[in-house]
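Trainee: This is model01.txt (compact mmCIF, C-alpha atoms).
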```txt
# COMPACT_ATOMS: atom_id res chain seq x y z
CA MET W 1378 -25.91 -26.67 -33.37
CA ALA W 1379 -25.37 -25.83 -37.02
CA LEU W 1380 -28.52 -25.01 -38.96
CA LYS W 1381 -29.74 -27.25 -41.76
CA ARG W 1382 -28.67 -26.00 -45.16
CA ILE W 1383 -30.57 -25.61 -48.44
CA ILE W 1384 -28.16 -25.48 -51.37
CA PRO W 1385 -28.83 -24.60 -55.00
CA CYS W 1386 -27.06 -27.23 -57.11
CA LEU W 1387 -26.19 -25.65 -60.43
CA LEU W 1388 -25.17 -27.68 -63.45
CA TYR W 1389 -22.69 -26.15 -65.85
CA ASP W 1390 -21.94 -27.47 -69.34
CA GLY W 1391 -18.70 -25.59 -69.88
CA SER W 1392 -20.32 -22.39 -71.11
CA GLY W 1393 -23.65 -21.85 -69.36
CA LEU W 1394 -25.98 -23.25 -66.75
CA VAL W 1395 -28.21 -26.15 -67.73
CA LYS W 1396 -30.72 -28.42 -66.01
CA THR W 1397 -31.09 -32.13 -66.67
CA VAL W 1398 -33.81 -34.71 -66.15
CA LYS W 1399 -32.46 -38.05 -64.90
CA PHE W 1400 -28.99 -36.83 -65.92
CA LYS W 1401 -30.17 -36.40 -69.55
CA ASN W 1402 -31.53 -33.72 -71.90
CA PRO W 1403 -29.75 -30.65 -70.53
CA SER W 1404 -31.83 -27.50 -71.08
CA TYR W 1405 -30.15 -24.11 -71.17
CA ILE W 1406 -30.78 -21.93 -68.12
CA GLY W 1407 -28.48 -18.93 -68.39
CA ASP W 1408 -25.30 -17.25 -67.29
CA PRO W 1409 -23.80 -18.51 -64.02
CA ILE W 1410 -22.48 -15.15 -62.80
CA ASN W 1411 -25.91 -13.52 -63.00
CA ALA W 1412 -27.43 -16.47 -61.18
CA ILE W 1413 -24.83 -16.28 -58.40
CA LYS W 1414 -25.48 -12.56 -57.92
CA ILE W 1415 -29.17 -13.33 -57.46
CA TYR W 1416 -28.40 -16.13 -55.00
CA ASN W 1417 -26.39 -13.65 -52.90
CA ASP W 1418 -29.47 -11.46 -52.64
CA LYS W 1419 -31.59 -14.49 -51.81
CA GLU W 1420 -29.15 -15.27 -48.96
CA VAL W 1421 -28.68 -18.90 -49.90
CA ASP W 1422 -26.70 -21.03 -47.43
CA GLU W 1423 -24.18 -22.38 -49.85
CA LEU W 1424 -23.75 -22.99 -53.59
CA ILE W 1425 -22.81 -26.09 -55.54
CA LEU W 1426 -21.65 -25.90 -59.13
CA ILE W 1427 -21.02 -29.06 -61.13
CA ASP W 1428 -19.44 -29.07 -64.58
CA ILE W 1429 -21.29 -32.07 -66.01
CA ASN W 1430 -19.15 -32.30 -69.14
CA ALA W 1431 -15.58 -31.89 -67.87
CA SER W 1432 -14.89 -35.54 -67.00
CA ARG W 1433 -16.91 -36.82 -69.96
CA GLN W 1434 -14.94 -34.63 -72.36
CA LYS W 1435 -11.69 -35.33 -70.49
CA ARG W 1436 -10.98 -31.65 -70.02
CA LYS W 1437 -9.80 -29.57 -67.07
CA PRO W 1438 -12.12 -27.42 -64.98
CA ASN W 1439 -12.59 -23.97 -66.51
CA PHE W 1440 -10.46 -22.29 -63.82
CA ASP W 1441 -10.86 -18.71 -65.08
CA LYS W 1442 -14.62 -18.93 -65.19
CA ILE W 1443 -14.73 -20.66 -61.78
CA ALA W 1444 -12.59 -17.86 -60.32
CA ASP W 1445 -15.07 -15.29 -61.67
CA MET W 1446 -17.92 -17.23 -60.11
CA ALA W 1447 -16.15 -17.68 -56.77
CA SER W 1448 -15.41 -13.95 -56.62
CA GLU W 1449 -19.17 -13.27 -56.70
CA ALA W 1450 -20.13 -16.02 -54.24
CA PHE W 1451 -20.26 -14.54 -50.73
CA MET W 1452 -21.34 -17.84 -49.31
CA PRO W 1453 -19.47 -21.15 -49.24
CA PHE W 1454 -18.90 -22.32 -52.79
CA ALA W 1455 -18.42 -25.95 -53.82
CA TYR W 1456 -17.23 -27.03 -57.26
CA GLY W 1457 -17.08 -30.42 -58.96
CA GLY W 1458 -16.18 -31.67 -62.43
CA GLY W 1459 -12.94 -32.73 -64.11
CA VAL W 1460 -10.81 -32.37 -60.97
CA LYS W 1461 -8.08 -34.99 -61.32
CA THR W 1462 -4.73 -33.90 -59.87
CA PHE W 1463 -3.51 -32.46 -56.58
CA ASP W 1464 -2.65 -29.31 -58.50
CA ASP W 1465 -6.26 -29.01 -59.73
CA PHE W 1466 -7.44 -29.04 -56.12
CA ALA W 1467 -4.80 -26.52 -55.05
CA ARG W 1468 -5.78 -24.12 -57.84
CA LEU W 1469 -9.46 -24.35 -56.96
CA TYR W 1470 -8.88 -23.64 -53.25
CA LYS W 1471 -6.63 -20.73 -54.15
CA ILE W 1472 -9.21 -19.04 -56.37
CA GLY W 1473 -11.84 -19.15 -53.64
CA VAL W 1474 -13.57 -22.54 -53.83
CA GLU W 1475 -14.21 -23.85 -50.28
CA LYS W 1476 -15.07 -27.42 -51.16
CA VAL W 1477 -14.18 -29.59 -54.11
CA ILE W 1478 -16.67 -32.28 -55.09
CA VAL W 1479 -15.24 -35.58 -56.32
CA ASN W 1480 -17.04 -38.33 -58.15
CA SER W 1481 -15.28 -40.32 -60.92
CA LEU W 1482 -11.92 -39.52 -59.29
CA ILE W 1483 -12.93 -41.88 -56.48
CA GLN W 1484 -12.50 -44.78 -58.92
CA GLU W 1485 -9.63 -43.27 -60.86
CA ASP W 1486 -7.22 -42.05 -58.18
CA PRO W 1487 -8.26 -42.52 -54.54
CA ASP W 1488 -4.70 -41.75 -53.40
CA VAL W 1489 -4.87 -38.16 -54.58
CA ILE W 1490 -8.07 -37.75 -52.55
CA LYS W 1491 -6.31 -39.01 -49.41
CA LYS W 1492 -3.46 -36.60 -50.09
CA VAL W 1493 -5.85 -33.67 -50.42
CA VAL W 1494 -7.63 -34.65 -47.20
CA ALA W 1495 -4.28 -34.79 -45.36
CA HIS W 1496 -3.24 -31.40 -46.70
CA TYR W 1497 -6.45 -29.36 -46.74
CA GLY W 1498 -8.62 -31.21 -44.24
CA ALA W 1499 -11.66 -33.45 -44.54
CA GLN W 1500 -14.02 -30.46 -44.73
CA ALA W 1501 -12.50 -29.38 -48.05
CA ILE W 1502 -13.83 -32.40 -49.99
CA VAL W 1503 -17.35 -33.56 -50.75
CA GLY W 1504 -17.80 -37.08 -52.12
CA CYS W 1505 -20.68 -37.25 -54.60
CA ILE W 1506 -22.44 -40.60 -54.83
CA ASP W 1507 -24.72 -40.85 -57.85
CA PHE W 1508 -27.10 -43.75 -57.42
CA LYS W 1509 -29.91 -45.39 -59.34
CA LYS W 1510 -32.02 -48.50 -59.52
CA PRO W 1511 -30.50 -50.93 -62.00
CA LEU W 1512 -32.65 -53.18 -64.18
CA PHE W 1513 -32.30 -55.91 -61.58
CA GLY W 1514 -31.50 -55.65 -57.89
CA ALA W 1515 -31.20 -52.90 -55.32
CA LYS W 1516 -30.35 -49.24 -55.87
CA ALA W 1517 -26.60 -48.96 -56.30
CA PRO W 1518 -23.79 -46.45 -56.91
CA TYR W 1519 -23.84 -45.37 -60.54
CA SER W 1520 -21.01 -44.03 -62.68
CA TYR W 1521 -22.11 -41.71 -65.47
CA ILE W 1522 -18.90 -42.38 -67.35
CA GLY W 1523 -19.09 -46.14 -67.07
CA HIS W 1524 -16.74 -46.98 -64.20
CA LYS W 1525 -17.57 -50.19 -62.40
CA ILE W 1526 -18.45 -49.77 -58.72
CA LYS W 1527 -18.83 -53.12 -57.03
CA LEU W 1528 -19.75 -51.92 -53.54
CA SER W 1529 -23.30 -51.50 -52.24
CA LEU W 1530 -24.45 -47.96 -51.46
CA VAL W 1531 -23.80 -48.32 -47.74
CA GLU W 1532 -20.40 -49.93 -48.33
CA TYR W 1533 -19.47 -47.21 -50.80
CA ALA W 1534 -20.49 -44.41 -48.42
CA HIS W 1535 -18.45 -46.09 -45.71
CA TYR W 1536 -15.44 -46.34 -48.01
CA LEU W 1537 -15.61 -42.63 -48.87
CA ALA W 1538 -16.00 -41.42 -45.30
CA ASN W 1539 -13.85 -43.90 -43.41
CA GLU W 1540 -11.18 -45.11 -45.86
CA LEU W 1541 -10.66 -41.99 -47.94
CA GLY W 1542 -11.45 -39.59 -45.08
CA ILE W 1543 -13.86 -37.45 -47.10
CA GLY W 1544 -15.63 -34.97 -44.81
CA GLU W 1545 -19.07 -34.72 -46.39
CA LEU W 1546 -21.19 -36.81 -48.74
CA MET W 1547 -23.65 -35.75 -51.41
CA LEU W 1548 -26.23 -38.38 -52.38
CA TYR W 1549 -27.58 -37.74 -55.84
CA SER W 1550 -30.54 -39.82 -57.02
CA VAL W 1551 -30.26 -40.17 -60.80
CA ASP W 1552 -33.81 -41.55 -61.06
CA ASN W 1553 -35.28 -38.56 -59.21
CA ASP W 1554 -33.13 -35.87 -60.88
CA GLY W 1555 -35.31 -33.20 -62.49
CA THR W 1556 -38.57 -35.02 -61.74
CA TRP W 1557 -39.91 -32.67 -58.99
CA GLU W 1558 -41.21 -35.81 -57.26
CA GLY W 1559 -39.22 -35.63 -54.03
CA TYR W 1560 -35.95 -36.92 -52.62
CA ASP W 1561 -35.07 -40.55 -52.15
CA VAL W 1562 -35.72 -40.28 -48.43
CA GLU W 1563 -35.21 -43.99 -47.79
CA ILE W 1564 -31.68 -44.19 -49.22
CA THR W 1565 -30.71 -40.87 -47.63
CA GLY W 1566 -31.81 -42.22 -44.23
CA GLN W 1567 -29.93 -45.49 -44.71
CA ILE W 1568 -26.68 -43.73 -45.55
CA LEU W 1569 -27.07 -41.26 -42.68
CA ASN W 1570 -27.39 -44.14 -40.25
CA SER W 1571 -24.20 -45.73 -41.49
CA VAL W 1572 -21.72 -42.81 -41.64
CA ASP W 1573 -20.62 -40.08 -39.22
CA VAL W 1574 -20.05 -37.30 -41.75
CA PRO W 1575 -22.60 -34.67 -42.84
CA VAL W 1576 -24.82 -35.66 -45.76
CA ILE W 1577 -26.37 -33.54 -48.52
CA ALA W 1578 -29.47 -35.05 -50.15
CA CYS W 1579 -29.87 -34.30 -53.84
CA GLY W 1580 -32.22 -35.10 -56.69
CA GLY W 1581 -35.97 -34.71 -57.07
CA CYS W 1582 -36.96 -31.79 -54.87
CA GLY W 1583 -40.23 -30.27 -56.06
CA ASN W 1584 -41.67 -28.35 -53.13
CA LEU W 1585 -41.19 -27.19 -49.55
CA ASN W 1586 -42.61 -30.41 -48.14
CA ASP W 1587 -39.95 -32.44 -49.94
CA LEU W 1588 -37.33 -30.30 -48.22
CA LYS W 1589 -38.90 -30.64 -44.78
CA LYS W 1590 -39.29 -34.37 -45.23
CA VAL W 1591 -35.67 -35.09 -46.15
CA LEU W 1592 -34.20 -32.63 -43.63
CA TYR W 1593 -36.31 -33.62 -40.63
CA GLU W 1594 -37.43 -37.21 -41.26
CA THR W 1595 -33.92 -38.40 -42.08
CA ASN W 1596 -31.86 -35.82 -40.21
CA ALA W 1597 -29.92 -34.96 -43.39
CA ASN W 1598 -27.60 -32.01 -42.78
CA ALA W 1599 -28.40 -30.31 -46.05
CA ALA W 1600 -30.64 -30.59 -49.08
CA ALA W 1601 -29.66 -29.54 -52.58
CA ILE W 1602 -32.23 -28.14 -54.98
CA GLY W 1603 -31.80 -28.16 -58.76
CA SER W 1604 -34.97 -27.53 -60.77
CA MET W 1605 -36.57 -25.54 -57.96
CA ALA W 1606 -33.64 -23.13 -57.94
CA VAL W 1607 -33.76 -22.40 -61.68
CA TYR W 1608 -37.39 -22.78 -62.81
CA SER W 1609 -40.50 -20.94 -61.62
CA LYS W 1610 -42.53 -24.19 -61.59
CA LYS W 1611 -42.45 -27.62 -63.17
CA GLY W 1612 -42.69 -27.23 -66.93
CA MET W 1613 -42.47 -23.44 -66.68
CA GLY W 1614 -39.85 -20.89 -67.61
CA VAL W 1615 -36.45 -20.12 -66.13
CA LEU W 1616 -36.48 -18.21 -62.86
CA ILE W 1617 -33.49 -18.04 -60.54
CA ASN W 1618 -35.10 -18.41 -57.14
CA PHE W 1619 -34.81 -19.88 -53.68
CA PRO W 1620 -37.47 -21.03 -51.23
CA ASP W 1621 -38.18 -19.02 -48.12
CA ARG W 1622 -35.76 -20.51 -45.59
CA LYS W 1623 -37.99 -19.65 -42.66
CA SER W 1624 -40.80 -21.84 -43.97
CA VAL W 1625 -38.49 -24.88 -43.98
CA ILE W 1626 -35.67 -24.50 -41.48
CA ILE W 1627 -36.53 -24.94 -37.82
CA GLU W 1628 -34.52 -22.39 -35.88
CA ASP W 1629 -34.00 -22.86 -32.17
CA MET J 597 -4.28 0.37 -46.03
CA ILE J 598 -5.55 -3.03 -44.93
CA VAL J 599 -3.10 -5.89 -45.44
CA ILE J 600 -4.37 -9.47 -45.58
CA VAL J 601 -1.39 -11.34 -44.19
CA ASP J 602 -0.32 -14.12 -46.56
CA TYR J 603 1.55 -16.78 -44.66
CA GLY J 604 0.86 -19.57 -47.11
CA ILE J 605 -2.29 -20.86 -45.50
CA GLY J 606 -5.96 -20.32 -46.09
CA ASN J 607 -8.26 -18.88 -48.66
CA LEU J 608 -7.12 -15.31 -49.15
CA ALA J 609 -9.03 -14.58 -52.34
CA SER J 610 -12.42 -14.74 -50.61
CA VAL J 611 -11.49 -12.09 -48.03
CA LEU J 612 -10.13 -9.77 -50.73
CA ASN J 613 -13.24 -10.34 -52.87
CA MET J 614 -15.52 -9.29 -50.05
CA PHE J 615 -13.54 -6.12 -49.27
CA LYS J 616 -13.78 -5.24 -52.98
CA LYS J 617 -17.52 -5.86 -52.90
CA ILE J 618 -17.91 -3.52 -49.92
CA GLY J 619 -15.95 -0.89 -51.81
CA VAL J 620 -12.82 -0.91 -49.62
CA LYS J 621 -10.16 -0.21 -52.23
CA ASP J 622 -6.98 0.14 -50.22
CA VAL J 623 -6.55 -3.52 -49.41
CA LEU J 624 -4.01 -6.06 -50.57
CA ILE J 625 -2.67 -9.53 -49.89
CA SER J 626 0.98 -9.58 -48.87
CA SER J 627 3.66 -11.60 -47.17
CA ASP J 628 6.20 -8.80 -47.49
CA GLN J 629 7.50 -7.41 -44.19
CA GLU J 630 7.91 -3.86 -45.51
CA THR J 631 4.35 -3.80 -46.82
CA ILE J 632 2.97 -5.18 -43.57
CA LEU J 633 4.91 -2.54 -41.61
CA LYS J 634 3.05 0.15 -43.58
CA ALA J 635 -0.42 -1.31 -42.89
CA ASP J 636 -3.07 0.56 -40.88
CA LYS J 637 -4.98 -2.64 -40.25
CA LEU J 638 -4.19 -6.31 -40.50
CA LEU J 639 -6.28 -9.29 -41.33
CA LEU J 640 -5.03 -12.72 -40.32
CA PRO J 641 -7.01 -15.41 -42.16
CA GLY J 642 -6.28 -19.10 -41.93
CA VAL J 643 -7.58 -22.57 -42.55
CA GLY J 644 -5.75 -25.68 -41.45
CA ALA J 645 -3.71 -26.97 -38.56
CA PHE J 646 -2.43 -24.83 -35.67
CA ASP J 647 1.24 -25.88 -35.85
CA ALA J 648 1.29 -25.51 -39.64
CA GLY J 649 0.01 -21.96 -39.16
CA MET J 650 2.57 -21.06 -36.48
CA ASN J 651 5.39 -22.71 -38.45
CA ASN J 652 4.53 -20.72 -41.55
CA LEU J 653 4.37 -17.48 -39.55
CA GLU J 654 7.77 -18.23 -38.01
CA GLU J 655 9.42 -19.25 -41.27
CA SER J 656 8.18 -16.14 -43.04
CA GLY J 657 9.78 -14.05 -40.29
CA LEU J 658 6.49 -12.25 -39.70
CA ILE J 659 6.08 -12.73 -35.94
CA PRO J 660 8.30 -9.78 -34.84
CA VAL J 661 6.62 -7.59 -37.47
CA LEU J 662 3.15 -8.58 -36.26
CA ASN J 663 4.13 -8.05 -32.62
CA LYS J 664 5.37 -4.56 -33.44
CA LYS J 665 2.21 -3.61 -35.38
CA VAL J 666 -0.25 -5.09 -32.91
CA LEU J 667 1.36 -4.66 -29.48
CA GLU J 668 3.40 -1.46 -29.95
CA GLU J 669 1.57 0.47 -32.66
CA LYS J 670 -1.82 -0.90 -31.54
CA LYS J 671 -3.05 -1.34 -35.11
CA PRO J 672 -6.37 -3.18 -35.37
CA ILE J 673 -6.07 -6.83 -36.33
CA LEU J 674 -8.81 -9.35 -37.10
CA GLY J 675 -7.98 -13.06 -36.98
CA ILE J 676 -10.40 -15.32 -38.82
CA CYS J 677 -10.95 -19.02 -38.02
CA LEU J 678 -7.46 -20.50 -37.50
CA GLY J 679 -6.28 -16.87 -37.51
CA MET J 680 -8.32 -16.30 -34.33
CA GLN J 681 -7.02 -19.49 -32.70
CA LEU J 682 -3.42 -18.40 -33.38
CA LEU J 683 -4.08 -15.31 -31.22
CA THR J 684 -4.29 -17.57 -28.15
CA LYS J 685 -1.46 -19.01 -26.05
CA ARG J 686 -1.62 -22.61 -27.30
CA SER J 687 -3.80 -25.28 -28.88
CA GLU J 688 -4.66 -28.87 -28.14
CA GLU J 689 -4.16 -29.41 -31.85
CA GLY J 690 -0.42 -28.84 -31.70
CA MET J 691 2.74 -28.35 -29.68
CA LYS J 692 3.68 -24.84 -30.76
CA PRO J 693 2.93 -21.80 -28.62
CA GLY J 694 0.50 -19.37 -30.24
CA LEU J 695 0.90 -15.60 -30.58
CA GLY J 696 -0.45 -15.29 -27.03
CA TRP J 697 -2.14 -11.92 -27.48
CA ILE J 698 -5.45 -13.27 -26.23
CA ASP J 699 -5.47 -14.75 -22.75
CA GLY J 700 -6.88 -18.13 -23.65
CA GLU J 701 -6.25 -21.46 -25.29
CA THR J 702 -7.63 -23.48 -28.17
CA LEU J 703 -9.36 -26.77 -27.34
CA LYS J 704 -10.87 -29.64 -29.29
CA PHE J 705 -14.65 -30.09 -29.17
CA ASN J 706 -15.30 -32.81 -26.64
CA LEU J 707 -18.99 -33.49 -27.02
CA ASP J 708 -21.36 -35.86 -25.35
CA PRO J 709 -21.75 -38.72 -27.88
CA GLN J 710 -25.46 -38.81 -27.06
CA LEU J 711 -25.85 -35.43 -28.75
CA LYS J 712 -24.86 -37.12 -32.03
CA LEU J 713 -23.25 -33.93 -33.27
CA LYS J 714 -20.81 -34.24 -36.13
CA VAL J 715 -17.39 -32.55 -35.78
CA PRO J 716 -16.34 -30.34 -37.53
CA HIS J 717 -18.95 -27.81 -36.53
CA MET J 718 -19.79 -26.96 -40.12
CA GLY J 719 -22.54 -24.74 -41.41
CA TRP J 720 -24.49 -21.67 -40.34
CA ASN J 721 -25.11 -20.79 -36.75
CA TYR J 722 -26.40 -17.89 -34.72
CA ILE J 723 -24.17 -15.94 -32.36
CA LYS J 724 -24.80 -14.06 -29.15
CA VAL J 725 -22.86 -10.80 -28.78
CA LEU J 726 -21.87 -10.27 -25.14
CA LYS J 727 -20.72 -6.66 -25.04
CA GLU J 728 -20.75 -3.39 -26.93
CA ASN J 729 -18.10 -3.29 -29.64
CA PRO J 730 -17.47 -1.58 -32.99
CA LEU J 731 -17.63 -4.73 -35.17
CA ILE J 732 -21.05 -6.15 -34.48
CA ASP J 733 -24.30 -4.99 -32.95
CA THR J 734 -25.21 -6.57 -29.61
CA THR J 735 -28.78 -7.06 -30.81
CA SER J 736 -27.58 -8.97 -33.86
CA LYS J 737 -29.73 -11.97 -34.75
CA ASN J 738 -27.49 -12.78 -37.66
CA ARG J 739 -26.18 -16.13 -38.75
CA PHE J 740 -22.59 -16.85 -39.74
CA TYR J 741 -20.76 -19.66 -41.51
CA PHE J 742 -18.49 -21.86 -39.39
CA VAL J 743 -16.10 -24.71 -40.21
CA HIS J 744 -13.93 -25.82 -37.29
CA SER J 745 -13.06 -28.71 -34.98
CA TYR J 746 -11.33 -26.60 -32.28
CA PHE J 747 -12.61 -23.62 -30.32
CA VAL J 748 -11.14 -20.85 -28.17
CA LYS J 749 -11.55 -20.80 -24.42
CA CYS J 750 -10.80 -17.41 -22.87
CA PHE J 751 -9.14 -17.46 -19.40
CA ASP J 752 -10.20 -13.85 -19.03
CA GLU J 753 -13.93 -13.91 -19.75
CA LYS J 754 -13.90 -10.21 -20.54
CA GLN J 755 -12.04 -11.09 -23.75
CA SER J 756 -14.93 -13.23 -25.00
CA LEU J 757 -16.92 -10.96 -27.31
CA ALA J 758 -19.54 -13.38 -28.62
CA THR J 759 -20.61 -16.98 -28.22
CA SER J 760 -22.28 -19.56 -30.40
CA ASN J 761 -23.63 -22.99 -29.49
CA PHE J 762 -22.45 -26.41 -30.59
CA GLY J 763 -23.35 -28.92 -27.91
CA ALA J 764 -22.46 -26.16 -25.45
CA ASP J 765 -21.80 -22.42 -25.68
CA PHE J 766 -18.33 -21.56 -26.97
CA THR J 767 -16.55 -18.27 -27.66
CA CYS J 768 -16.84 -17.38 -31.34
CA MET J 769 -15.44 -13.84 -31.20
CA VAL J 770 -12.64 -12.45 -29.04
CA ASN J 771 -11.48 -8.93 -28.36
CA LYS J 772 -8.80 -7.24 -26.33
CA ASP J 773 -8.07 -3.60 -27.13
CA ASN J 774 -7.16 -3.45 -30.84
CA ILE J 775 -7.15 -7.25 -31.23
CA TYR J 776 -10.20 -9.03 -32.66
CA GLY J 777 -10.91 -12.60 -33.68
CA ALA J 778 -13.83 -14.37 -35.36
CA GLN J 779 -14.14 -18.14 -35.40
CA PHE J 780 -16.67 -17.94 -38.25
CA HIS J 781 -15.92 -16.85 -41.79
CA PRO J 782 -17.26 -13.30 -42.36
CA GLU J 783 -15.99 -13.50 -45.95
CA LYS J 784 -18.43 -16.37 -46.60
CA SER J 785 -21.33 -15.12 -44.49
CA LEU J 786 -23.26 -13.05 -47.04
CA LYS J 787 -24.29 -9.54 -46.00
CA PHE J 788 -23.99 -10.51 -42.31
CA GLY J 789 -20.24 -11.04 -42.67
CA MET J 790 -19.93 -8.10 -45.01
CA LYS J 791 -21.13 -5.84 -42.21
CA VAL J 792 -18.42 -7.15 -39.85
CA LEU J 793 -15.67 -6.56 -42.43
CA GLU J 794 -17.11 -3.16 -43.29
CA ASN J 795 -17.09 -2.16 -39.61
CA PHE J 796 -13.52 -3.46 -39.27
CA SER J 797 -12.43 -1.38 -42.27
CA LYS J 798 -13.79 1.74 -40.52
CA LEU J 799 -11.94 1.21 -37.22
```
What does this structure look like when you write it as structure tokens?

Mentor:
Amino acid sequence: MALKRIIPCLLYDGSGLVKTVKFKNPSYIGDPINAIKIYNDKEVDELILIDINASRQKRKPNFDKIADMASEAFMPFAYGGGVKTFDDFARLYKIGVEKVIVNSLIQEDPDVIKKVVAHYGAQAIVGCIDFKKPLFGAKAPYSYIGHKIKLSLVEYAHYLANELGIGELMLYSVDNDGTWEGYDVEITGQILNSVDVPVIACGGCGNLNDLKKVLYETNANAAAIGSMAVYSKKGMGVLINFPDRKSVIIED
Amino acid sequence: MIVIVDYGIGNLASVLNMFKKIGVKDVLISSDQETILKADKLLLPGVGAFDAGMNNLEESGLIPVLNKKVLEEKKPILGICLGMQLLTKRSEEGMKPGLGWIDGETLKFNLDPQLKLKVPHMGWNYIKVLKENPLIDTTSKNRFYFVHSYFVKCFDEKQSLATSNFGADFTCMVNKDNIYGAQFHPEKSLKFGMKVLENFSKL
């Protein structure tokens, strides 16, 4: 069967790479093209790039820059941020993006997502579910631009996979983002038990044990790493790196 | 000259990017019959549905051109993903006949539900190379990137060049004379895929 994947999740602010803590305080990391070249050498399984400002600033994806990045990515390349129209999707696939990640578009225009699934296939879209613990009540889907999501996490995951036909989900814990304290293994496991599509866990990874735990205790298909892929250690300087796959991934 | 056949389907930029990275300069993307007729080698990429692929090939008038290049002139061709499936006689995914150059058919994964495997088969997997060939070493322990819900079954087992495993072993590379196919995406498989494309460019 397919091997588990470890995926650097790079955040882009429109000009350079940044890293956040709990979705706040972006710190500058460096130039994305250089980072991607290093990730090729590190033989990473896949790359995710998210433009964290595009939807907030109501601007289009930076297609030219994304094309430059895609042309250096000799592994599957996923992009998210500011993708709103069918034409945006078409342009991204044409310039070499394998998967487009959707988030706020799920609230804004679910029909365009269905249309893209019908045309390009379920595997070409990743649905990103940001979630956090609200002041009161259970952890719930969270919209960083203030959309209201009334469904529970499990209901929302179900809606994405079964109603919209999205082929893969990315579960991003806002509370764990940038903390190095580990994934939200519990929520990841709950969602995995309730949907049939592959799931990428994201947010909080701090060491190899965190990776092993989320990949093998919950059976997640993939785990994204943020801080660990761009810093040498917690609180230390920028270093584009990638854990030794062999020390995490169990190969048959 | 290598021509990446553009029939309006699939991610052509990635294949071109990887050839550039390897240093193969004489390569271009084209849907033009005259250009394709001049090619020394052909690459048939493809993502999407079987019938959509065959329809697009038909509508672009490329099938006679491809038949001439591949069957008469014996120019090397590499089909990737859907491009490999189109080499077979037919597919469970559609009604259209395929190119029929490979003696086989394309079937949907029909897995034991108890295995709890999620279709599409998406991600990295190892392959087992079954016989000596110029594209990939038989001792290869390399991994490749796959995304597919259908797989090729060869009627003539000699045409199965390599297998991978998803619930059961399936053919992931085919070969008959000058005709090659890869179910995985060499253009997205790091240096492992680069080697396959480099070897193809040297045929």

Trainee: Calculated over all atoms listed in the file, which of the candidates J:Asn607, J:Ala758, J:Gly619, J:Gly777 has the smallest distance to Lys737 (chain J)?

Mentor: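 When distances to Lys737 (chain J) are compared using all atoms listed in the file, the smallest one comes from J:Ala758.
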
Trainee: Would you mind listing what lies within 9 Å of Tyr1519 (chain W) as a PyMOL selection string, with only C-alpha atoms counted and same-chain residues fewer than 4 positions away left out?

Mentor: chain W and resi 1506-1511+1523-1526+1551

Trainee: Taking into account all atoms listed in the file, which residue in the set J:Pro709, J:Gly606, J:Pro672, J:Gly694 is nearest to chain W?

Mentor: J:Gly606

Trainee: Leaving out His1535 (chain W) and any residue of its chain fewer than 2 positions from it, which residues lie within 12 Å of it when counting all atoms listed in the file, given as a VMD selection string?

Mentor: chain W and resid 1504 1506 1528 to 1533 1537 to 1546 1567 to 1574

Trainee: Which chain J residues are at most 8 Å from chain W (counting only C-alpha atoms), as a count of residues only?

Mentor: 25

Trainee: So, counting all atoms listed in the file, which residue among W:Asn1553, W:Asn1596, W:Ser1520, W:Ser1604 is closest to Lys712 (chain J)?

Mentor: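 Smallest distance to Lys712 (chain J) is found for W:Asn1596.
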
Trainee: What separation in Å, quoted to one decimal, exists between CA of Ile1478 (chain W) and CA of Lys1442 (chain W)?

Mentor: 16.9 Å

Trainee: Which residue is closest to Tyr776 (chain J)? Choose from J:Val599, J:Gly657, J:Asn663, J:Leu639 and count all atoms listed in the file.

Mentor: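 That would be J:Leu639, the residue with the smallest distance to Tyr776 (chain J).
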
Trainee: Taking 3 positions as the minimum chain separation for residues in the same chain, which residues sit within 10 Å of Thr735 (chain J) when counting all atoms listed in the file? Answer as a PDB file with C-alpha atoms, keeping the file's coordinate frame.

Mentor:
```pdb
ATOM      1  CA  LYS J 724     -24.800 -14.060 -29.150  1.00  0.00           C
ATOM      2  CA  VAL J 725     -22.860 -10.800 -28.780  1.00  0.00           C
ATOM      3  CA  LEU J 726     -21.870 -10.270 -25.140  1.00  0.00           C
ATOM      4  CA  LYS J 727     -20.720  -6.660 -25.040  1.00  0.00           C
ATOM      5  CA  GLU J 728     -20.750  -3.390 -26.930  1.00  0.00           C
ATOM      6  CA  ILE J 732     -21.050  -6.150 -34.480  1.00  0.00           C
ATOM      7  CA  ASN J 738     -27.490 -12.780 -37.660  1.00  0.00           C
TER       8      ASN J 738
END
```

Trainee: For region 767-782 of chain J, I'd like the enclosing box, axis-aligned and padded by 6 Å on every side, reported as lines of an AutoDock Vina configuration file with centre and edge lengths in Å to one decimal.

Mentor:
```
center_x = -12.2
center_y = -10.9
center_z = -34.3
size_x = 22.1
size_y = 26.8
size_z = 28.0
```

Trainee: What are the closest atom pairs, with distances in Å to one decimal, for all residues of region 669-728 of chain J lying within 10 Å of region 629-636 of chain J? Consider all atoms listed in the file, order rows by chain and residue number, and present the result as CSV.

Mentor:
```
residue,atom,partner,partner_atom,distance
J:Glu669,CA,J:Asp636,CA,9.4
J:Lys670,CA,J:Asp636,CA,9.5
J:Lys671,CA,J:Asp636,CA,6.1
J:Pro672,CA,J:Asp636,CA,7.4
J:Ile673,CA,J:Asp636,CA,9.2
```

Trainee: Leaving out Phe705 (chain J) and any residue of its chain fewer than 2 positions from it, which residues lie within 8 Å of it when counting only C-alpha atoms, given as a short mmCIF file (atom, residue, chain, number, x, y, z; two decimals) with C-alpha atoms, in the frame of the given file?

Mentor:
```cif
data_model
loop_
_atom_site.label_atom_id
_atom_site.label_comp_id
_atom_site.auth_asym_id
_atom_site.auth_seq_id
_atom_site.Cartn_x
_atom_site.Cartn_y
_atom_site.Cartn_z
CA LEU J 703 -9.36 -26.77 -27.34
CA LEU J 707 -18.99 -33.49 -27.02
CA VAL J 715 -17.39 -32.55 -35.78
CA SER J 745 -13.06 -28.71 -34.98
CA TYR J 746 -11.33 -26.60 -32.28
CA PHE J 747 -12.61 -23.62 -30.32
#
```
